[in-house]
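Chemist: Below are the structure tokens for one structure; questions will follow.
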Amino acid sequence: MARLNILEYPNPRLRIKAEPVAVVDDNIKRLIDDMFETMADAQGIGLAASQVDVHQRVIVMDLSDAKDEPRVYINPEIEVLEAGSLPYDEGCLSVPGFYETVDRPAHVMIRALDRDGNAFEEEAVGLLAVCIQHEIDHLEGKLFVDYLSPFKRDRIRKKLKKQRS
């Protein structure tokens, strides 16, 4: 396994829309393993392949405190099951050190392929619902900062630029 480089905002490669995975093969499984290692090393709970500059529709997550409940979503799609929204303080490995409140649907149905290419459905509420939507946004070339005001987005961009220099 290898630790991958996580792209940071405002890197334009984060805006590339990911392509569907045609075949779940050893390359995809190696990518999944590398993404889990990268996510754990960065102390994250979710990671989309787009964040590591691989523009395929792959997401890994582990929302458990013990980090022993890995989840894989290949070619994920969601359906909103309830119109109500859940405000949640979101952070992102591609926008390190920043947390802002974003409203997202609180109850969704996830349809995806697992690590072995088997189709499954999973109903999601709370943190899982928020996290899957956040990661799917990455696959669409969208970041949580896009939900913020232009002023907040600009402030974050400037702070990250200053931290890097």
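Note on naming: chains are A, B, ... as they come in the structure tokens, residues start from 1 per chain, ligands start from 1 in the order shown.
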Might you pull out every residue within 6 Å of Leu113 of chain A, with only C-alpha atoms counted and same-chain residues fewer than 6 positions away left off, and present them as a list in words?
Modeler: Tyr73, Ile74 and Ala119 of chain A
Chemist: Do you know which residues are at most 12 Å from Gly117 of chain A counting only C-alpha atoms, after dropping those on the same chain fewer than 4 positions away, and could you put them as a ChimeraX atom specification?
Modeler: /A:21-26,28-29,58,72-76,112-113
Chemist: Which residues come within 6 Å of segment 128-144 of chain A, counting only C-alpha atoms, excluding same-chain residues fewer than 3 positions away, as a PyMOL selection string?
Modeler: chain A and resi 14-18+48+50+124-125+147
Chemist: To test your reading of the structure, identify every residue in chain A that backbone DSSP assigns to helix (DSSP H, G or I), and report it as a JSON list (two decimals) with N, CA and C atoms, in the first residue's frame.
Modeler:
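The resulting file, selection.json, is shown below:
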```json
[["chain", "number", "residue", "atom", "x", "y", "z"],
["A", 12, "PRO", "N", -6.96, 23.28, -9.27],
["A", 12, "PRO", "CA", -7.99, 23.09, -10.29],
["A", 12, "PRO", "C", -8.30, 21.63, -10.61],
["A", 13, "ARG", "N", -7.40, 20.71, -10.29],
["A", 13, "ARG", "CA", -7.68, 19.29, -10.54],
["A", 13, "ARG", "C", -8.81, 18.78, -9.65],
["A", 14, "LEU", "N", -9.10, 19.47, -8.55],
["A", 14, "LEU", "CA", -10.23, 19.09, -7.70],
["A", 14, "LEU", "C", -11.57, 19.33, -8.40],
["A", 15, "ARG", "N", -11.55, 20.08, -9.48],
["A", 15, "ARG", "CA", -12.78, 20.43, -10.21],
["A", 15, "ARG", "C", -13.08, 19.47, -11.37],
["A", 26, "ASP", "N", -8.01, -5.45, -10.07],
["A", 26, "ASP", "CA", -6.94, -5.31, -9.07],
["A", 26, "ASP", "C", -6.44, -3.87, -8.95],
["A", 27, "ASN", "N", -6.46, -3.11, -10.05],
["A", 27, "ASN", "CA", -6.03, -1.70, -9.98],
["A", 27, "ASN", "C", -6.97, -0.88, -9.10],
["A", 28, "ILE", "N", -8.26, -1.12, -9.22],
["A", 28, "ILE", "CA", -9.24, -0.40, -8.39],
["A", 28, "ILE", "C", -9.08, -0.84, -6.93],
["A", 29, "LYS", "N", -8.88, -2.12, -6.69],
["A", 29, "LYS", "CA", -8.71, -2.61, -5.32],
["A", 29, "LYS", "C", -7.44, -2.05, -4.69],
["A", 30, "ARG", "N", -6.37, -1.90, -5.47],
["A", 30, "ARG", "CA", -5.13, -1.29, -4.97],
["A", 30, "ARG", "C", -5.37, 0.19, -4.66],
["A", 31, "LEU", "N", -6.12, 0.87, -5.54],
["A", 31, "LEU", "CA", -6.48, 2.26, -5.29],
["A", 31, "LEU", "C", -7.25, 2.39, -3.97],
["A", 32, "ILE", "N", -8.21, 1.50, -3.76],
["A", 32, "ILE", "CA", -9.01, 1.51, -2.52],
["A", 32, "ILE", "C", -8.10, 1.34, -1.30],
["A", 33, "ASP", "N", -7.19, 0.37, -1.36],
["A", 33, "ASP", "CA", -6.27, 0.15, -0.24],
["A", 33, "ASP", "C", -5.41, 1.39, 0.02],
["A", 34, "ASP", "N", -4.89, 1.98, -1.05],
["A", 34, "ASP", "CA", -4.06, 3.19, -0.92],
["A", 34, "ASP", "C", -4.87, 4.36, -0.37],
["A", 35, "MET", "N", -6.14, 4.45, -0.79],
["A", 35, "MET", "CA", -6.99, 5.53, -0.29],
["A", 35, "MET", "C", -7.27, 5.35, 1.21],
["A", 36, "PHE", "N", -7.51, 4.12, 1.64],
["A", 36, "PHE", "CA", -7.72, 3.89, 3.08],
["A", 36, "PHE", "C", -6.47, 4.27, 3.87],
["A", 37, "GLU", "N", -5.31, 3.89, 3.37],
["A", 37, "GLU", "CA", -4.07, 4.24, 4.07],
["A", 37, "GLU", "C", -3.88, 5.76, 4.12],
["A", 38, "THR", "N", -4.16, 6.42, 3.01],
["A", 38, "THR", "CA", -4.02, 7.88, 2.93],
["A", 38, "THR", "C", -5.00, 8.56, 3.89],
["A", 39, "MET", "N", -6.25, 8.10, 3.88],
["A", 39, "MET", "CA", -7.27, 8.68, 4.75],
["A", 39, "MET", "C", -6.91, 8.50, 6.22],
["A", 40, "ALA", "N", -6.45, 7.32, 6.59],
["A", 40, "ALA", "CA", -6.08, 7.05, 7.98],
["A", 40, "ALA", "C", -4.89, 7.92, 8.39],
["A", 41, "ASP", "N", -3.90, 8.02, 7.53],
["A", 41, "ASP", "CA", -2.72, 8.83, 7.83],
["A", 41, "ASP", "C", -3.09, 10.30, 8.03],
["A", 49, "ALA", "N", -11.68, 9.54, -4.62],
["A", 49, "ALA", "CA", -10.52, 9.36, -5.49],
["A", 49, "ALA", "C", -10.09, 10.68, -6.14],
["A", 50, "SER", "N", -11.02, 11.55, -6.41],
["A", 50, "SER", "CA", -10.70, 12.86, -7.01],
["A", 50, "SER", "C", -9.72, 13.64, -6.14],
["A", 51, "GLN", "N", -9.79, 13.46, -4.83],
["A", 51, "GLN", "CA", -8.91, 14.19, -3.92],
["A", 51, "GLN", "C", -7.46, 13.73, -4.02],
["A", 52, "VAL", "N", -7.24, 12.52, -4.55],
["A", 52, "VAL", "CA", -5.88, 12.02, -4.73],
["A", 52, "VAL", "C", -5.52, 11.99, -6.22],
["A", 126, "GLY", "N", -28.06, 10.98, 9.19],
["A", 126, "GLY", "CA", -27.04, 11.60, 10.03],
["A", 126, "GLY", "C", -25.71, 11.75, 9.34],
["A", 127, "LEU", "N", -24.63, 11.41, 10.08],
["A", 127, "LEU", "CA", -23.27, 11.60, 9.59],
["A", 127, "LEU", "C", -23.01, 10.84, 8.29],
["A", 128, "LEU", "N", -23.50, 9.62, 8.17],
["A", 128, "LEU", "CA", -23.29, 8.85, 6.94],
["A", 128, "LEU", "C", -23.93, 9.57, 5.75],
["A", 129, "ALA", "N", -25.13, 10.09, 5.93],
["A", 129, "ALA", "CA", -25.81, 10.82, 4.84],
["A", 129, "ALA", "C", -25.01, 12.06, 4.44],
["A", 130, "VAL", "N", -24.52, 12.78, 5.43],
["A", 130, "VAL", "CA", -23.73, 13.99, 5.17],
["A", 130, "VAL", "C", -22.43, 13.62, 4.46],
["A", 131, "CYS", "N", -21.75, 12.63, 4.98],
["A", 131, "CYS", "CA", -20.44, 12.25, 4.46],
["A", 131, "CYS", "C", -20.53, 11.75, 3.02],
["A", 132, "ILE", "N", -21.50, 10.91, 2.70],
["A", 132, "ILE", "CA", -21.60, 10.38, 1.34],
["A", 132, "ILE", "C", -21.89, 11.51, 0.37],
["A", 133, "GLN", "N", -22.71, 12.47, 0.77],
["A", 133, "GLN", "CA", -23.00, 13.59, -0.12],
["A", 133, "GLN", "C", -21.76, 14.47, -0.32],
["A", 134, "HIS", "N", -21.01, 14.69, 0.75],
["A", 134, "HIS", "CA", -19.77, 15.46, 0.67],
["A", 134, "HIS", "C", -18.80, 14.79, -0.30],
["A", 135, "GLU", "N", -18.63, 13.48, -0.18],
["A", 135, "GLU", "CA", -17.68, 12.76, -1.04],
["A", 135, "GLU", "C", -18.16, 12.67, -2.48],
["A", 136, "ILE", "N", -19.46, 12.47, -2.68],
["A", 136, "ILE", "CA", -20.00, 12.47, -4.06],
["A", 136, "ILE", "C", -19.78, 13.83, -4.70],
["A", 137, "ASP", "N", -19.94, 14.90, -3.93],
["A", 137, "ASP", "CA", -19.63, 16.23, -4.46],
["A", 137, "ASP", "C", -18.22, 16.27, -5.04],
["A", 138, "HIS", "N", -17.24, 15.68, -4.32],
["A", 138, "HIS", "CA", -15.87, 15.64, -4.84],
["A", 138, "HIS", "C", -15.83, 14.98, -6.21],
["A", 139, "LEU", "N", -16.56, 13.90, -6.38],
["A", 139, "LEU", "CA", -16.57, 13.19, -7.66],
["A", 139, "LEU", "C", -17.17, 14.04, -8.77],
["A", 144, "PHE", "N", -17.02, 21.51, -0.41],
["A", 144, "PHE", "CA", -17.95, 22.07, 0.57],
["A", 144, "PHE", "C", -17.86, 23.58, 0.62],
["A", 145, "VAL", "N", -16.72, 24.16, 0.26],
["A", 145, "VAL", "CA", -16.59, 25.62, 0.26],
["A", 145, "VAL", "C", -17.49, 26.27, -0.79],
["A", 146, "ASP", "N", -17.93, 25.49, -1.78],
["A", 146, "ASP", "CA", -18.83, 26.03, -2.80],
["A", 146, "ASP", "C", -20.21, 26.37, -2.22],
["A", 147, "TYR", "N", -20.53, 25.82, -1.06],
["A", 147, "TYR", "CA", -21.80, 26.11, -0.39],
["A", 147, "TYR", "C", -21.71, 27.38, 0.46],
["A", 150, "PRO", "N", -19.21, 33.86, -1.08],
["A", 150, "PRO", "CA", -17.94, 34.19, -1.75],
["A", 150, "PRO", "C", -16.91, 34.79, -0.78],
["A", 151, "PHE", "N", -17.37, 35.56, 0.19],
["A", 151, "PHE", "CA", -16.46, 36.15, 1.17],
["A", 151, "PHE", "C", -15.74, 35.07, 1.98],
["A", 152, "LYS", "N", -16.50, 34.09, 2.50],
["A", 152, "LYS", "CA", -15.89, 33.01, 3.29],
["A", 152, "LYS", "C", -14.96, 32.16, 2.44],
["A", 153, "ARG", "N", -15.37, 31.87, 1.21],
["A", 153, "ARG", "CA", -14.54, 31.08, 0.30],
["A", 153, "ARG", "C", -13.21, 31.78, 0.03],
["A", 154, "ASP", "N", -13.28, 33.07, -0.23],
["A", 154, "ASP", "CA", -12.08, 33.85, -0.52],
["A", 154, "ASP", "C", -11.16, 33.90, 0.70],
["A", 155, "ARG", "N", -11.75, 34.05, 1.88],
["A", 155, "ARG", "CA", -10.98, 34.09, 3.12],
["A", 155, "ARG", "C", -10.22, 32.77, 3.33],
["A", 156, "ILE", "N", -10.90, 31.65, 3.10],
["A", 156, "ILE", "CA", -10.27, 30.34, 3.23],
["A", 156, "ILE", "C", -9.15, 30.19, 2.22],
["A", 157, "ARG", "N", -9.41, 30.57, 0.97],
["A", 157, "ARG", "CA", -8.38, 30.46, -0.09],
["A", 157, "ARG", "C", -7.14, 31.25, 0.30],
["A", 158, "LYS", "N", -7.34, 32.47, 0.79],
["A", 158, "LYS", "CA", -6.19, 33.32, 1.17],
["A", 158, "LYS", "C", -5.43, 32.75, 2.36],
["A", 159, "LYS", "N", -6.13, 32.21, 3.35],
["A", 159, "LYS", "CA", -5.45, 31.62, 4.51],
["A", 159, "LYS", "C", -4.64, 30.39, 4.12],
["A", 160, "LEU", "N", -5.20, 29.55, 3.26],
["A", 160, "LEU", "CA", -4.47, 28.36, 2.81],
["A", 160, "LEU", "C", -3.25, 28.76, 2.00],
["A", 161, "LYS", "N", -3.38, 29.76, 1.16],
["A", 161, "LYS", "CA", -2.24, 30.24, 0.37],
["A", 161, "LYS", "C", -1.13, 30.76, 1.29],
["A", 162, "LYS", "N", -1.52, 31.49, 2.32],
["A", 162, "LYS", "CA", -0.55, 32.04, 3.25],
["A", 162, "LYS", "C", 0.16, 30.91, 4.02],
["A", 163, "GLN", "N", -0.59, 29.87, 4.42],
["A", 163, "GLN", "CA", -0.01, 28.74, 5.13],
["A", 163, "GLN", "C", 1.03, 27.99, 4.29],
["A", 164, "ARG", "N", 0.80, 27.95, 2.98],
["A", 164, "ARG", "CA", 1.69, 27.22, 2.08],
["A", 164, "ARG", "C", 2.97, 27.99, 1.74]]
```
Chemist: Go ahead and compute the interatomic distance for atom CA of Val60 of chain A and atom CA of Ile45 of chain A, in Å to one decimal.
Modeler: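 Between atom CA of Val60 of chain A and atom CA of Ile45 of chain A the gap works out to 8.3 Å.
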Chemist: Quote the spacing between atom CA of Ile78 of chain A and atom CA of Asn5 of chain A in Å to one decimal place.
Modeler: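 Atom-to-atom, atom CA of Ile78 of chain A and atom CA of Asn5 of chain A are spaced 27.4 Å apart.
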Chemist: Hey, what's within 7 Å of Glu79 of chain A if we count only C-alpha atoms and toss same-chain stuff fewer than 5 positions away? As a list in words, please?
Modeler: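 Listing them by chain and then by number gives Val108, Met109 and Ile110 of chain A.
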Chemist: How about saving the chosen residues, N, CA and C atoms kept, as a PDB file, in the first residue's frame?
Modeler:
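Saved to part_16.pdb:
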```pdb
ATOM      1  N   VAL A 108     -30.969   9.747   2.983  1.00  0.00           N
ATOM      2  CA  VAL A 108     -30.778   9.398   1.573  1.00  0.00           C
ATOM      3  C   VAL A 108     -30.637   7.884   1.402  1.00  0.00           C
ATOM      4  N   MET A 109     -30.857   7.440   0.175  1.00  0.00           N
ATOM      5  CA  MET A 109     -30.592   6.052  -0.202  1.00  0.00           C
ATOM      6  C   MET A 109     -29.350   6.078  -1.083  1.00  0.00           C
ATOM      7  N   ILE A 110     -28.383   5.227  -0.741  1.00  0.00           N
ATOM      8  CA  ILE A 110     -27.145   5.117  -1.509  1.00  0.00           C
ATOM      9  C   ILE A 110     -27.218   3.855  -2.347  1.00  0.00           C
TER      10      ILE A 110
END
```
Chemist: Do you have the atom CA of Ile59 of chain A-atom CA of Gly46 of chain A distance handy?
Modeler: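 If I compute the distance from atom CA of Ile59 of chain A to atom CA of Gly46 of chain A, I get 7.2 Å.
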Chemist: With only C-alpha atoms as the basis for distance, which of A:Ala42, A:Arg71, A:Val80, A:Tyr99 is at the shortest distance from Arg3 of chain A?
Modeler: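 Among A:Ala42, A:Arg71, A:Val80, A:Tyr99, it is A:Ala42 that comes nearest to Arg3 of chain A.
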Chemist: Would you return as a ChimeraX atom specification the members of segment 81-149 of chain A that DSSP assigns to strand (DSSP E) on this structure's backbone?
Modeler: /A:85-92,95-105,107-113,119-125
Chemist: Please produce a file of those selected residues containing N, CA, C and O atoms, as a short mmCIF file (atom, residue, chain, number, x, y, z; two decimals), in the first residue's frame.
Modeler:
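Once written, part25.cif looks like this:
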```cif
data_model
loop_
_atom_site.label_atom_id
_atom_site.label_comp_id
_atom_site.auth_asym_id
_atom_site.auth_seq_id
_atom_site.Cartn_x
_atom_site.Cartn_y
_atom_site.Cartn_z
N SER A 85 -33.43 19.08 5.88
CA SER A 85 -31.97 19.14 5.80
C SER A 85 -31.33 19.09 7.18
O SER A 85 -31.98 19.38 8.19
N LEU A 86 -30.06 18.72 7.19
CA LEU A 86 -29.29 18.60 8.41
C LEU A 86 -28.10 19.54 8.33
O LEU A 86 -27.23 19.35 7.47
N PRO A 87 -28.07 20.58 9.19
CA PRO A 87 -26.87 21.42 9.21
C PRO A 87 -25.75 20.68 9.94
O PRO A 87 -25.97 20.10 11.00
N TYR A 88 -24.58 20.64 9.33
CA TYR A 88 -23.47 19.89 9.89
C TYR A 88 -22.18 20.65 9.66
O TYR A 88 -21.96 21.18 8.58
N ASP A 89 -21.33 20.70 10.67
CA ASP A 89 -20.02 21.33 10.51
C ASP A 89 -19.13 20.37 9.73
O ASP A 89 -18.76 19.32 10.23
N GLU A 90 -18.83 20.76 8.50
CA GLU A 90 -18.02 19.91 7.64
C GLU A 90 -16.59 20.41 7.57
O GLU A 90 -16.33 21.60 7.57
N GLY A 91 -15.69 19.45 7.49
CA GLY A 91 -14.29 19.72 7.22
C GLY A 91 -13.91 18.88 6.01
O GLY A 91 -14.72 18.10 5.51
N CYS A 92 -12.68 19.04 5.55
CA CYS A 92 -12.28 18.33 4.34
C CYS A 92 -10.76 18.20 4.31
O CYS A 92 -10.04 19.16 4.60
N VAL A 95 -9.25 20.77 2.26
CA VAL A 95 -9.34 22.14 2.79
C VAL A 95 -8.95 22.04 4.27
O VAL A 95 -9.77 22.23 5.16
N PRO A 96 -7.68 21.70 4.53
CA PRO A 96 -7.27 21.37 5.89
C PRO A 96 -7.40 22.52 6.88
O PRO A 96 -7.06 23.66 6.57
N GLY A 97 -7.95 22.17 8.05
CA GLY A 97 -8.03 23.13 9.14
C GLY A 97 -9.26 24.02 9.14
O GLY A 97 -9.40 24.87 10.02
N PHE A 98 -10.17 23.83 8.21
CA PHE A 98 -11.36 24.68 8.13
C PHE A 98 -12.61 23.84 8.28
O PHE A 98 -12.73 22.76 7.70
N TYR A 99 -13.56 24.37 9.05
CA TYR A 99 -14.84 23.73 9.28
C TYR A 99 -15.91 24.78 9.13
O TYR A 99 -15.80 25.87 9.70
N GLU A 100 -16.94 24.48 8.37
CA GLU A 100 -18.06 25.39 8.16
C GLU A 100 -19.35 24.59 8.13
O GLU A 100 -19.36 23.42 7.72
N THR A 101 -20.45 25.20 8.51
CA THR A 101 -21.75 24.55 8.52
C THR A 101 -22.33 24.52 7.11
O THR A 101 -22.40 25.55 6.43
N VAL A 102 -22.74 23.33 6.70
CA VAL A 102 -23.38 23.12 5.40
C VAL A 102 -24.68 22.37 5.64
O VAL A 102 -24.72 21.45 6.47
N ASP A 103 -25.75 22.77 4.95
CA ASP A 103 -27.03 22.06 5.04
C ASP A 103 -27.12 21.05 3.91
O ASP A 103 -26.91 21.40 2.75
N ARG A 104 -27.42 19.80 4.28
CA ARG A 104 -27.59 18.74 3.29
C ARG A 104 -28.81 17.90 3.68
O ARG A 104 -29.18 17.85 4.86
N PRO A 105 -29.41 17.20 2.72
CA PRO A 105 -30.50 16.28 3.08
C PRO A 105 -30.04 15.29 4.15
O PRO A 105 -28.93 14.76 4.08
N HIS A 107 -31.55 12.38 5.01
CA HIS A 107 -31.95 10.97 4.84
C HIS A 107 -31.88 10.64 3.35
O HIS A 107 -32.65 11.19 2.55
N VAL A 108 -30.97 9.75 2.98
CA VAL A 108 -30.78 9.40 1.57
C VAL A 108 -30.64 7.88 1.40
O VAL A 108 -30.33 7.17 2.35
N MET A 109 -30.86 7.44 0.18
CA MET A 109 -30.59 6.05 -0.20
C MET A 109 -29.35 6.08 -1.08
O MET A 109 -29.27 6.85 -2.04
N ILE A 110 -28.38 5.23 -0.74
CA ILE A 110 -27.14 5.12 -1.51
C ILE A 110 -27.22 3.85 -2.35
O ILE A 110 -27.58 2.78 -1.85
N ARG A 111 -26.86 3.97 -3.62
CA ARG A 111 -26.72 2.81 -4.50
C ARG A 111 -25.30 2.84 -5.04
O ARG A 111 -24.85 3.87 -5.55
N ALA A 112 -24.59 1.72 -4.93
CA ALA A 112 -23.19 1.69 -5.35
C ALA A 112 -22.75 0.25 -5.55
O ALA A 112 -23.52 -0.69 -5.35
N LEU A 113 -21.48 0.12 -5.92
CA LEU A 113 -20.82 -1.18 -5.96
C LEU A 113 -19.87 -1.25 -4.78
O LEU A 113 -19.29 -0.23 -4.38
N ALA A 119 -23.30 -4.94 -6.48
CA ALA A 119 -24.22 -3.82 -6.27
C ALA A 119 -24.88 -3.95 -4.90
O ALA A 119 -25.17 -5.06 -4.44
N PHE A 120 -25.10 -2.80 -4.26
CA PHE A 120 -25.82 -2.79 -2.98
C PHE A 120 -26.54 -1.46 -2.81
O PHE A 120 -26.25 -0.49 -3.50
N GLU A 121 -27.49 -1.46 -1.89
CA GLU A 121 -28.21 -0.26 -1.48
C GLU A 121 -28.05 -0.11 0.01
O GLU A 121 -27.99 -1.11 0.74
N GLU A 122 -28.00 1.13 0.46
CA GLU A 122 -27.86 1.39 1.89
C GLU A 122 -28.59 2.69 2.21
O GLU A 122 -28.37 3.71 1.57
N GLU A 123 -29.46 2.62 3.21
CA GLU A 123 -30.15 3.81 3.66
C GLU A 123 -29.22 4.55 4.61
O GLU A 123 -28.58 3.93 5.46
N ALA A 124 -29.14 5.87 4.47
CA ALA A 124 -28.21 6.65 5.28
C ALA A 124 -28.91 7.84 5.92
O ALA A 124 -29.67 8.55 5.26
N VAL A 125 -28.61 8.02 7.21
CA VAL A 125 -29.09 9.19 7.95
C VAL A 125 -27.90 9.77 8.71
O VAL A 125 -26.87 9.13 8.87
#
```
Chemist: Pick the closest to Leu47 of chain A from A:Leu148, A:Ala2, A:Leu81, A:Met61: which is it, counting only C-alpha atoms?
Modeler: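 The closest residue to Leu47 of chain A is A:Met61.
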